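Colleague: Contents of work12.txt (compact mmCIF, C-alpha atoms and all ligand atoms) are below:
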```
# COMPACT_ATOMS: atom_id res chain seq x y z
CA MET A 1 -27.95 -28.62 88.25
CA LEU A 2 -24.53 -27.06 87.96
CA LYS A 3 -23.02 -25.12 85.11
CA THR A 4 -19.47 -23.96 84.89
CA TYR A 5 -18.37 -21.07 82.77
CA ARG A 6 -15.28 -21.04 80.65
CA ASN A 7 -13.36 -17.82 80.84
CA ILE A 8 -12.84 -15.84 77.69
CA ALA A 9 -9.17 -16.49 78.10
CA THR A 10 -6.14 -17.82 76.36
CA GLN A 11 -4.64 -20.99 77.60
CA ASP A 12 -0.96 -21.35 76.84
CA THR A 13 -0.37 -24.55 78.75
CA ALA A 14 -2.79 -26.87 80.41
CA ASP A 15 -2.04 -25.69 83.92
CA ASN A 16 -1.17 -22.10 83.24
CA MET A 17 -4.37 -20.34 82.35
CA HIS A 18 -4.53 -16.60 82.04
CA PHE A 19 -7.88 -15.32 83.07
CA ASN A 20 -9.14 -12.05 81.79
CA THR A 21 -10.41 -9.97 84.64
CA ALA A 22 -12.79 -7.06 84.66
CA THR A 23 -9.86 -4.90 85.75
CA SER A 24 -7.57 -6.03 82.92
CA MET A 25 -10.38 -5.40 80.43
CA GLY A 26 -11.17 -1.96 81.82
CA LEU A 27 -14.58 -2.96 83.08
CA LEU A 28 -16.25 -2.24 86.41
CA SER A 29 -18.72 -4.68 87.88
CA CYS A 30 -21.52 -3.63 90.17
CA HIS A 31 -21.41 -5.51 93.45
CA GLN A 32 -25.13 -4.99 93.99
CA CYS A 33 -26.78 -6.15 90.78
CA GLY A 34 -23.82 -7.76 89.00
CA LYS A 35 -23.95 -5.64 85.84
CA LEU A 36 -20.70 -4.95 83.99
CA TRP A 37 -19.91 -1.45 82.78
CA LYS A 38 -17.41 -0.20 80.23
CA GLY A 39 -16.04 3.31 80.43
CA ALA A 40 -17.20 3.85 83.99
CA GLU A 41 -15.12 5.75 86.50
CA GLN A 42 -14.51 4.60 90.06
CA GLY A 43 -17.11 6.12 92.35
CA GLU A 44 -19.62 6.55 89.55
CA ARG A 45 -23.12 5.18 90.08
CA CYS A 46 -24.35 1.95 88.50
CA GLY A 47 -26.76 2.79 85.68
CA HIS A 48 -29.05 -0.05 86.68
CA CYS A 49 -29.29 -0.05 90.47
CA ASN A 50 -27.56 3.21 91.44
CA ALA A 51 -24.95 1.55 93.70
CA THR A 52 -21.49 3.14 93.78
CA LEU A 53 -19.05 1.33 91.51
CA HIS A 54 -15.64 0.30 92.82
CA MET A 55 -12.86 -1.71 91.24
CA ARG A 56 -12.10 -3.22 94.65
CA LYS A 57 -13.70 -2.66 98.03
CA PRO A 58 -12.42 0.77 99.09
CA ASP A 59 -9.40 0.74 101.39
CA SER A 60 -9.87 -2.98 101.94
CA ILE A 61 -6.41 -3.91 103.29
CA ASN A 62 -6.22 -1.03 105.78
CA ARG A 63 -9.71 -1.55 107.10
CA THR A 64 -9.18 -5.29 107.47
CA TRP A 65 -5.91 -4.69 109.31
CA ALA A 66 -7.49 -2.22 111.72
CA LEU A 67 -10.42 -4.51 112.54
CA LEU A 68 -8.15 -7.54 112.80
CA ILE A 69 -5.79 -5.86 115.26
CA ALA A 70 -8.74 -4.62 117.33
CA ALA A 71 -10.08 -8.19 117.39
CA CYS A 72 -6.71 -9.53 118.55
CA ILE A 73 -6.61 -7.03 121.42
CA MET A 74 -10.13 -7.97 122.51
CA TYR A 75 -9.26 -11.65 122.25
CA ILE A 76 -7.15 -11.46 125.42
CA PRO A 77 -9.85 -10.20 127.87
CA ALA A 78 -12.38 -12.40 126.04
CA ASN A 79 -10.47 -15.46 127.22
CA MET A 80 -9.16 -14.18 130.55
CA MET A 81 -12.18 -12.44 132.03
CA PRO A 82 -15.19 -14.31 133.42
CA VAL A 83 -18.12 -14.53 131.00
CA MET A 84 -20.60 -15.74 133.58
CA ILE A 85 -20.99 -15.55 137.36
CA THR A 86 -23.12 -18.15 139.12
CA SER A 87 -24.17 -17.22 142.65
CA THR A 88 -26.01 -19.65 144.87
CA PHE A 89 -26.94 -19.38 148.51
CA PHE A 90 -23.55 -20.74 149.57
CA GLU A 91 -21.02 -19.72 146.98
CA SER A 92 -20.21 -17.64 143.96
CA HIS A 93 -18.53 -19.18 140.96
CA GLN A 94 -16.94 -17.50 137.95
CA ASP A 95 -16.67 -19.06 134.51
CA THR A 96 -14.43 -18.15 131.61
CA ILE A 97 -14.93 -19.47 128.07
CA LEU A 98 -12.39 -22.25 128.63
CA SER A 99 -13.53 -23.22 132.12
CA GLY A 100 -17.05 -23.62 130.72
CA ILE A 101 -15.71 -26.09 128.16
CA ILE A 102 -13.72 -27.95 130.81
CA PHE A 103 -16.84 -28.16 132.96
CA PHE A 104 -18.72 -29.94 130.16
CA TRP A 105 -15.75 -32.24 129.58
CA VAL A 106 -15.36 -33.38 133.18
CA SER A 107 -19.09 -33.82 133.67
CA GLY A 108 -19.07 -36.30 130.81
CA GLU A 109 -20.84 -34.19 128.17
CA TRP A 110 -18.15 -34.81 125.56
CA GLY A 111 -20.26 -34.05 122.51
CA LEU A 112 -21.31 -30.75 124.00
CA ALA A 113 -17.77 -29.98 125.12
CA ALA A 114 -16.62 -30.56 121.52
CA VAL A 115 -19.35 -28.31 120.05
CA VAL A 116 -18.58 -25.45 122.44
CA PHE A 117 -14.84 -25.95 122.05
CA ILE A 118 -15.11 -25.69 118.26
CA ALA A 119 -17.52 -22.74 118.23
CA SER A 120 -16.05 -20.68 121.06
CA PHE A 121 -12.36 -21.48 120.96
CA LEU A 122 -11.27 -23.03 117.68
CA VAL A 123 -13.36 -20.93 115.29
CA PRO A 124 -12.26 -17.50 116.63
CA LEU A 125 -8.63 -18.63 116.70
CA LEU A 126 -8.78 -20.08 113.18
CA LYS A 127 -10.54 -16.98 111.98
CA LEU A 128 -7.90 -14.64 113.34
CA ALA A 129 -5.10 -16.80 111.89
CA SER A 130 -6.83 -17.09 108.50
CA LEU A 131 -7.44 -13.35 108.30
CA PHE A 132 -3.76 -12.72 109.01
CA ILE A 133 -2.75 -15.12 106.23
CA LEU A 134 -5.26 -13.58 103.81
CA VAL A 135 -4.43 -9.95 104.48
CA ILE A 136 -0.64 -10.40 104.53
CA SER A 137 -0.54 -12.48 101.35
CA ALA A 138 -2.92 -10.06 99.62
CA GLN A 139 -0.78 -7.13 100.68
CA GLN A 140 2.28 -8.76 99.13
CA LYS A 141 0.33 -9.65 95.99
CA SER A 142 1.53 -13.20 96.49
CA PRO A 143 0.61 -15.84 93.89
CA TRP A 144 0.88 -18.50 96.61
CA ARG A 145 -2.00 -21.06 96.74
CA GLN A 146 -4.63 -18.67 95.41
CA LEU A 147 -7.40 -21.23 95.07
CA GLU A 148 -6.87 -22.47 98.63
CA ARG A 149 -6.89 -18.90 99.91
CA ALA A 150 -10.14 -18.20 98.04
CA LYS A 151 -11.66 -21.29 99.64
CA LEU A 152 -10.31 -20.27 103.05
CA TYR A 153 -12.04 -16.91 102.69
CA ARG A 154 -15.36 -18.53 101.83
CA MET A 155 -14.95 -20.89 104.77
CA ILE A 156 -14.39 -18.16 107.36
CA GLU A 157 -17.36 -16.23 105.94
CA LEU A 158 -19.43 -19.35 106.54
CA ILE A 159 -18.29 -20.42 110.00
CA GLY A 160 -17.50 -17.05 111.64
CA ARG A 161 -21.03 -16.47 112.89
CA TRP A 162 -21.06 -19.70 114.91
CA SER A 163 -18.71 -18.23 117.53
CA MET A 164 -21.65 -16.13 118.70
CA LEU A 165 -22.81 -19.33 120.42
CA ASP A 166 -21.43 -18.46 123.85
CA VAL A 167 -23.00 -15.01 123.78
CA PHE A 168 -26.40 -16.66 123.30
CA VAL A 169 -25.77 -19.33 125.93
CA VAL A 170 -24.85 -16.72 128.54
CA SER A 171 -27.83 -14.50 127.59
CA LEU A 172 -30.25 -17.36 128.03
CA LEU A 173 -28.80 -18.53 131.33
CA VAL A 174 -28.93 -14.96 132.64
CA GLY A 175 -32.55 -14.64 131.54
CA LEU A 176 -33.56 -17.97 133.00
CA VAL A 177 -31.65 -18.43 136.22
CA GLN A 178 -33.02 -15.56 138.28
CA LEU A 179 -34.24 -17.39 141.39
CA GLN A 180 -33.90 -14.57 143.89
CA GLY A 181 -31.56 -15.43 146.74
CA PHE A 182 -31.39 -19.05 145.70
CA ALA A 183 -29.51 -19.19 142.44
CA GLN A 184 -28.65 -16.40 140.10
CA ILE A 185 -26.53 -16.19 136.99
CA THR A 186 -25.14 -12.86 135.88
CA ALA A 187 -23.07 -11.98 132.82
CA GLY A 188 -19.37 -11.23 133.25
CA ILE A 189 -17.43 -8.52 131.47
CA GLY A 190 -15.64 -11.21 129.43
CA ILE A 191 -18.75 -11.77 127.34
CA VAL A 192 -18.58 -8.15 126.12
CA ALA A 193 -15.02 -8.69 124.93
CA PHE A 194 -15.97 -12.04 123.43
CA GLY A 195 -18.91 -10.54 121.53
CA ALA A 196 -16.56 -7.80 120.33
CA VAL A 197 -14.11 -10.40 118.96
CA VAL A 198 -16.90 -12.09 116.99
CA VAL A 199 -18.27 -8.82 115.61
CA LEU A 200 -14.81 -7.42 114.79
CA THR A 201 -13.65 -10.57 112.97
CA MET A 202 -16.91 -10.65 111.01
CA LEU A 203 -16.46 -6.99 110.05
CA ALA A 204 -12.84 -7.75 109.10
CA SER A 205 -13.83 -10.55 106.75
CA ILE A 206 -16.59 -8.37 105.26
CA SER A 207 -14.14 -5.54 104.56
CA PHE A 208 -11.61 -7.89 102.99
CA ASP A 209 -11.99 -8.03 99.22
CA PRO A 210 -11.39 -11.62 98.02
CA ARG A 211 -10.46 -10.30 94.56
CA LEU A 212 -7.21 -9.04 96.10
CA ILE A 213 -6.16 -12.71 96.39
CA TRP A 214 -5.98 -12.84 92.60
CA ASP A 215 -4.41 -9.41 92.06
CA THR A 216 -0.86 -10.66 91.67
CA GLU A 217 1.88 -8.83 89.82
CA THR A 218 1.75 -11.34 86.98
CA SER A 219 -1.98 -11.31 86.51
CA HIS A 220 -1.90 -7.70 85.39
CA ASN A 221 1.23 -7.70 83.27
CA ASP A 222 1.03 -11.04 81.48
CA ALA A 223 -2.67 -11.33 80.92
CA PRO A 224 -3.38 -10.84 77.24
CA GLN A 225 -5.40 -7.74 76.63
CA ILE A 226 -8.33 -8.66 74.47
CA ALA A 227 -10.65 -5.97 73.31
CA ILE A 228 -14.27 -6.67 74.03
CA SER A 229 -15.32 -6.37 70.42
CA GLU A 230 -12.91 -9.17 69.56
CA ILE A 231 -14.30 -11.46 72.19
CA THR A 232 -17.87 -11.05 71.20
CA SER A 233 -17.28 -11.27 67.45
CA THR A 234 -15.09 -14.34 67.61
CA GLY A 235 -17.76 -15.77 69.83
CA ILE A 236 -15.65 -17.98 72.06
CA ALA A 237 -18.09 -20.62 73.10
CA ALA A 238 -18.90 -20.99 76.72
CA ALA A 239 -18.61 -24.46 78.08
CA GLN A 240 -21.56 -26.10 79.65
CA GLU A 241 -20.81 -28.97 81.92
CA SER A 242 -23.45 -30.73 83.86
CA THR A 243 -22.59 -32.43 87.08
CA MET B 1 -20.39 4.37 80.33
CA HIS B 2 -22.36 1.56 78.78
CA GLU B 3 -23.47 -1.87 79.87
CA ILE B 4 -21.75 -5.04 78.67
CA SER B 5 -24.68 -7.39 78.90
CA ASP B 6 -23.18 -10.57 77.42
CA LEU B 7 -20.33 -10.84 79.90
CA ILE B 8 -20.29 -11.53 83.62
CA ALA B 9 -17.54 -10.95 86.19
CA CYS B 10 -16.90 -13.17 89.21
CA GLU B 11 -17.62 -11.29 92.44
CA GLN B 12 -14.79 -13.04 94.25
CA CYS B 13 -11.90 -13.16 91.76
CA ASP B 14 -12.85 -10.68 89.02
CA ALA B 15 -12.53 -13.23 86.16
CA VAL B 16 -14.77 -12.38 83.20
CA PHE B 17 -16.93 -14.95 81.45
CA GLN B 18 -19.44 -15.16 78.65
CA LYS B 19 -22.88 -15.07 80.17
CA LEU B 20 -24.93 -18.22 79.71
CA SER B 21 -28.65 -18.49 79.92
CA LEU B 22 -29.45 -20.85 82.72
CA ALA B 23 -32.36 -23.23 82.92
CA ASN B 24 -34.52 -23.48 86.01
CA GLY B 25 -32.53 -24.23 89.15
CA GLU B 26 -29.16 -24.18 87.38
CA ILE B 27 -26.18 -22.61 89.11
CA ALA B 28 -23.11 -21.21 87.37
CA ARG B 29 -19.80 -21.38 89.15
CA CYS B 30 -16.53 -19.63 88.42
CA THR B 31 -13.90 -22.02 87.01
CA ARG B 32 -11.12 -19.96 88.49
CA CYS B 33 -12.12 -19.71 92.17
CA GLY B 34 -15.26 -21.85 92.44
CA ALA B 35 -17.58 -19.08 93.65
CA GLU B 36 -21.23 -19.07 92.69
CA MET B 37 -21.74 -16.46 89.96
CA ASP B 38 -25.26 -16.78 88.71
CA ARG B 39 -28.32 -18.86 89.23
CA ASN B 40 -31.73 -19.14 87.71
CA ALA B 41 -33.93 -18.08 90.58
CA GLN B 42 -37.32 -18.18 88.88
CA GLN B 43 -38.30 -21.47 90.48
CA ARG B 44 -37.06 -20.51 93.94
CA ARG B 45 -39.19 -17.39 93.80
CA ASN B 46 -42.44 -19.35 93.83
CA HIS B 47 -41.57 -21.00 97.15
CA LEU B 48 -40.07 -17.87 98.58
CA LEU B 49 -43.17 -15.78 99.24
CA PRO B 50 -45.17 -18.50 101.06
CA LEU B 51 -42.07 -19.42 103.03
CA THR B 52 -41.49 -15.81 104.03
CA ILE B 53 -45.09 -15.44 105.23
CA ALA B 54 -44.88 -18.71 107.18
CA SER B 55 -41.56 -17.62 108.72
CA LEU B 56 -43.11 -14.34 109.86
CA ILE B 57 -45.94 -16.19 111.64
CA ILE B 58 -43.57 -18.68 113.30
CA PHE B 59 -41.29 -15.79 114.23
CA VAL B 60 -44.12 -14.12 116.19
CA ILE B 61 -44.87 -17.40 118.01
CA ALA B 62 -41.19 -17.96 118.79
CA ASN B 63 -40.95 -14.55 120.41
CA THR B 64 -44.25 -14.55 122.29
CA PHE B 65 -44.04 -17.81 124.20
CA PRO B 66 -41.38 -18.90 126.69
CA ILE B 67 -38.50 -20.86 125.24
CA VAL B 68 -37.97 -22.93 128.32
CA GLU B 69 -39.24 -23.35 131.84
CA MET B 70 -37.01 -24.32 134.72
CA GLU B 71 -37.99 -25.90 138.00
CA LEU B 72 -35.60 -26.02 140.92
CA GLN B 73 -36.79 -27.19 144.35
CA GLY B 74 -40.27 -25.83 143.92
CA LEU B 75 -39.14 -22.57 142.35
CA HIS B 76 -40.23 -21.84 138.78
CA SER B 77 -38.54 -19.65 136.25
CA GLN B 78 -39.16 -19.14 132.56
CA THR B 79 -37.93 -16.82 129.86
CA THR B 80 -38.71 -15.61 126.38
CA LEU B 81 -36.00 -14.35 124.08
CA ILE B 82 -36.98 -10.76 124.78
CA GLY B 83 -36.98 -11.55 128.51
CA ALA B 84 -33.38 -12.72 128.26
CA VAL B 85 -32.43 -9.56 126.39
CA LEU B 86 -34.09 -7.43 129.08
CA SER B 87 -32.30 -9.30 131.89
CA LEU B 88 -28.99 -8.57 130.21
CA ALA B 89 -29.91 -4.92 129.77
CA THR B 90 -30.92 -4.44 133.41
CA GLU B 91 -27.61 -5.94 134.48
CA GLY B 92 -25.76 -3.20 132.72
CA ILE B 93 -24.44 -5.34 129.87
CA SER B 94 -26.67 -3.46 127.47
CA ILE B 95 -24.20 -3.65 124.59
CA VAL B 96 -24.44 -7.45 124.60
CA ALA B 97 -28.21 -7.17 125.04
CA LEU B 98 -28.27 -4.99 121.93
CA LEU B 99 -26.14 -7.49 120.01
CA VAL B 100 -28.49 -10.36 120.92
CA LEU B 101 -31.55 -8.26 120.12
CA ALA B 102 -30.15 -7.30 116.71
CA THR B 103 -28.91 -10.73 115.60
CA THR B 104 -31.86 -12.83 116.75
CA ILE B 105 -34.87 -10.50 116.54
CA LEU B 106 -34.32 -7.23 114.74
CA PHE B 107 -32.26 -8.27 111.69
CA PRO B 108 -34.10 -11.52 110.90
CA PHE B 109 -37.40 -9.66 111.26
CA MET B 110 -36.24 -6.88 108.93
CA GLN B 111 -35.00 -9.42 106.39
CA MET B 112 -38.36 -11.18 106.35
CA LEU B 113 -40.35 -7.94 106.15
CA ILE B 114 -38.25 -6.58 103.29
CA LEU B 115 -38.48 -9.84 101.38
CA PHE B 116 -42.23 -9.90 101.92
CA TYR B 117 -42.56 -6.33 100.65
CA LEU B 118 -40.42 -7.05 97.59
CA LEU B 119 -42.09 -10.31 96.67
CA VAL B 120 -45.76 -9.69 97.29
CA PRO B 121 -47.37 -9.28 93.86
CA SER B 122 -48.39 -5.76 92.91
CA ARG B 123 -51.76 -4.79 91.44
CA ASN B 124 -50.25 -4.29 88.01
CA PRO B 125 -50.66 -7.64 86.24
CA ASP B 126 -48.12 -6.83 83.50
CA ASN B 127 -45.27 -6.27 85.90
CA PRO B 128 -45.99 -7.96 89.22
CA LEU B 129 -42.62 -7.13 90.77
CA GLY B 130 -42.78 -3.63 89.36
CA HIS B 131 -40.53 -0.73 90.17
CA ARG B 132 -41.71 -0.42 93.71
CA PRO B 133 -40.40 2.42 95.81
CA GLY B 134 -37.10 1.78 97.54
CA PHE B 135 -36.39 -1.42 95.58
CA SER B 136 -32.63 -0.94 95.18
CA LEU B 137 -32.17 0.55 98.66
CA LEU B 138 -34.00 -2.36 100.29
CA ILE B 139 -31.92 -4.93 98.40
CA ARG B 140 -28.81 -3.13 99.62
CA VAL B 141 -30.11 -3.23 103.21
CA MET B 142 -30.82 -6.96 102.84
CA GLN B 143 -27.30 -7.62 101.55
CA MET B 144 -25.91 -5.79 104.56
CA LEU B 145 -28.11 -7.63 107.06
CA ARG B 146 -27.39 -11.05 105.59
CA PRO B 147 -24.35 -12.05 107.68
CA TRP B 148 -25.91 -10.74 110.90
CA GLY B 149 -29.09 -12.77 111.24
CA MET B 150 -28.17 -15.65 113.55
CA VAL B 151 -31.31 -17.55 114.45
CA GLU B 152 -29.66 -20.94 113.79
CA VAL B 153 -26.71 -20.11 116.07
CA PHE B 154 -29.16 -18.97 118.72
CA LEU B 155 -30.99 -22.30 118.51
CA LEU B 156 -27.75 -24.16 119.14
CA GLY B 157 -27.14 -21.81 122.06
CA VAL B 158 -30.54 -22.71 123.52
CA LEU B 159 -29.69 -26.40 123.32
CA VAL B 160 -26.30 -25.91 124.98
CA ALA B 161 -27.87 -23.82 127.77
CA LEU B 162 -30.56 -26.45 128.35
CA ILE B 163 -28.10 -29.31 128.65
CA LYS B 164 -26.02 -27.20 131.00
CA LEU B 165 -29.04 -26.53 133.23
CA SER B 166 -30.41 -30.06 133.09
CA ASN B 167 -27.68 -31.07 135.52
CA MET B 168 -29.05 -28.90 138.29
CA ALA B 169 -32.73 -28.37 137.53
CA THR B 170 -35.77 -29.82 135.79
CA ILE B 171 -36.10 -28.38 132.31
CA ILE B 172 -39.41 -28.16 130.46
CA PRO B 173 -39.05 -27.08 126.81
CA GLY B 174 -41.56 -24.38 125.86
CA ILE B 175 -43.57 -23.80 122.70
CA ALA B 176 -41.08 -21.23 121.48
CA LEU B 177 -38.30 -23.84 121.42
CA TRP B 178 -40.17 -25.84 118.78
CA ALA B 179 -41.04 -22.64 116.97
CA PHE B 180 -37.35 -21.71 116.87
CA CYS B 181 -36.52 -25.14 115.40
CA MET B 182 -39.05 -24.60 112.60
CA LEU B 183 -37.97 -21.01 112.08
CA THR B 184 -34.35 -22.12 111.68
CA VAL B 185 -35.25 -24.60 108.95
CA MET B 186 -37.39 -22.07 107.08
CA LEU B 187 -34.97 -19.18 107.42
CA THR B 188 -32.16 -21.34 106.08
CA VAL B 189 -34.09 -21.50 102.82
CA VAL B 190 -35.31 -17.89 102.88
CA VAL B 191 -32.04 -16.23 103.86
CA SER B 192 -29.82 -18.42 101.68
CA PHE B 193 -31.54 -16.70 98.77
CA ASN B 194 -29.06 -14.07 97.61
CA PRO B 195 -30.96 -10.76 97.35
CA ARG B 196 -28.90 -10.01 94.23
CA TYR B 197 -31.10 -12.42 92.30
CA LEU B 198 -34.08 -10.21 92.97
CA TRP B 199 -32.65 -7.97 90.25
CA GLN B 200 -32.91 -10.89 87.87
CA LEU B 201 -36.55 -11.41 88.84
CA GLU B 202 -37.28 -7.71 88.56
CA GLU B 203 -35.84 -7.59 85.05
CA SER B 204 -37.76 -10.58 83.82
CA GLY B 205 -40.89 -8.90 85.18
CA GLN B 206 -42.03 -12.05 86.90
ZN ZN C 1 -25.79 -2.17 89.88
ZN ZN C 2 -14.10 -16.48 90.57
```
How would this structure read if it were set down as structure tokens?
Modeller:
Amino acid sequence: MLKTYRNIATQDTADNMHFNTATSMGLLSCHQCGKLWKGAEQGERCGHCNATLHMRKPDSINRTWALLIAACIMYIPANMMPVMITSTFFESHQDTILSGIIFFWVSGEWGLAAVVFIASFLVPLLKLASLFILVISAQQKSPWRQLERAKLYRMIELIGRWSMLDVFVVSLLVGLVQLQGFAQITAGIGIVAFGAVVVLTMLASISFDPRLIWDTETSHNDAPQIAISEITSTGIAAAQEST
Amino acid sequence: MHEISDLIACEQCDAVFQKLSLANGEIARCTRCGAEMDRNAQQRRNHLLPLTIASLIIFVIANTFPIVEMELQGLHSQTTLIGAVLSLATEGISIVALLVLATTILFPFMQMLILFYLLVPSRNPDNPLGHRPGFSLLIRVMQMLRPWGMVEVFLLGVLVALIKLSNMATIIPGIALWAFCMLTVMLTVVVSFNPRYLWQLEESGQ
């Protein structure tokens, strides 16, 4: 079911493989339809699907930084302010994200406490930390643990959405518990900040270009420049491995 | 500017590879960063249209009927998804109401409608996918919507809310809860289909 490609690259030692990149070969790839173009300028339109061609996502580092910092600022009210206010006939009770988790924990719902803890507390925190690591190391063109960083990026793309959990929980409780005068749940301002953290971190990871992870100083200077005609005429065979 | 059709570049690390022709269901991964680069989507396509239609029907059911009914000392309360969104909006938290509306109703619905429009066979038997109007724009819209449809997260949210309430009230799951379970399973298949591969299908004229 799975095929792996072999790069049209030279391999000087077993563990030091120089990959030819579209950038080093003077090609631009279309992020919409995947076609590769030679002799195209940045900002030109793809001849197949008409999307704008870019070498890297435009202004990726700056945009990611801006969104990441905004997310960090919102993270504070998201955790300090109440996300939900429960009013009954006798009392009114405010819940923050963390107090909601603690409530599940002390009432013996450990599985649930774990799920909400992971989705609402751990994931946003991990996401902020990971984005910092990614954007700082990319800015310094660091060759440090590139494969792990690429995997980290794919992971935060995958799990980021799950932090929206608390927004949905609060929405449903607000919609459902409207027993006039008897019990009523209203949303607190904290849920706005919390939703903003989730949206901002998702936007930050979307604006980050994972190709920047691989744009190290060495990858541009040392990579052997092979002309395309050479590659195709020598016909370097592509490997087909089945797993 | 001319096309290099025998090479392919990795979307996530920019490494360039010789393009392989893939058999049905095969997936090509980048040896440098491990990202998925290409896949033969012909087979998937046959399941995709019926699944999209079924998802649309289930989606309507999930949003028409109440998700859950609550009973507390003789008082009844029930809500649909739209009802919850409206409660939020009337409380003045309309920005969160908008976020919930977009991620659970609007975006998934748009994704399904666009996919339906792009996949439903055209009258022209030689080129069923055809160059239908707005093809590239709609694929772009789908790519943009992809991270923001969150029906599966919403379902988990429903379950958490129900367990939370079950401590203080009697909870009766509604029809829409089961519909949301089914919708989540189907959308996982439908939405995991990368819209980029529609270009592949368009080219092969299938
Ligand atoms: Zn294109
Ligand atoms: Zn790659």
Colleague: Take CA of Leu119 in chain B and CA of Gln43 in chain B and report the distance between them in Å, one decimal.
Modeller: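 Between CA of Leu119 in chain B and CA of Gln43 in chain B the gap is 13.3 Å.
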Colleague: As an NGL selection string, please: the residues near range 92-108 of chain B (cut-off 10 Å, only C-alpha atoms, same-chain neighbours under 2 positions excluded).
Modeller: (:A and (164 or 167-168 or 171 or 186-189 or 191-196 or 199)) or (:B and (55-56 or 59-60 or 63 or 81-82 or 84-90 or 110-114 or 142 or 144-155 or 187 or 191))
Colleague: Select, as a ChimeraX atom specification, those residues of chain B with any atom no more than 6 Å from chain A (distances computed using all atoms listed in the file).
Modeller: /B:1-4,12-17,26-29,33,78-79,84,87,136,153-154,157,161,196
Colleague: Have a look at CA of Thr52 in chain B and CA of Trp178 in chain B and let me know their distance in Å, one decimal.
Modeller: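 Straight-line distance from CA of Thr52 in chain B to CA of Trp178 in chain B works out to 17.9 Å.
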Colleague: Closest to ligand ZN 2 (chain C) among B:Arg32, B:Phe116, B:Leu20, B:Ser5, using all atoms listed in the file?
Modeller: B:Arg32
Colleague: One decimal, Å: what's the distance from CA of Gln42 in chain A over to CA of Asn62 in chain A, could you say?
Modeller: 18.6 Å
Colleague: Determine the nearest neighbour of Ile133 in chain A from the options A:Leu53, A:Ser99, A:Ile73, A:Thr64, counting only C-alpha atoms.
Modeller: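 The shortest atom-to-atom distance to Ile133 in chain A comes from A:Thr64.
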Colleague: Smallest atom-to-atom distance to Leu177 in chain B: which of B:Ile139, B:Val68, B:Leu118, B:Ala35, using all atoms listed in the file?
Modeller: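 With all atoms listed in the file as the atom set, the closest residue is B:Val68.
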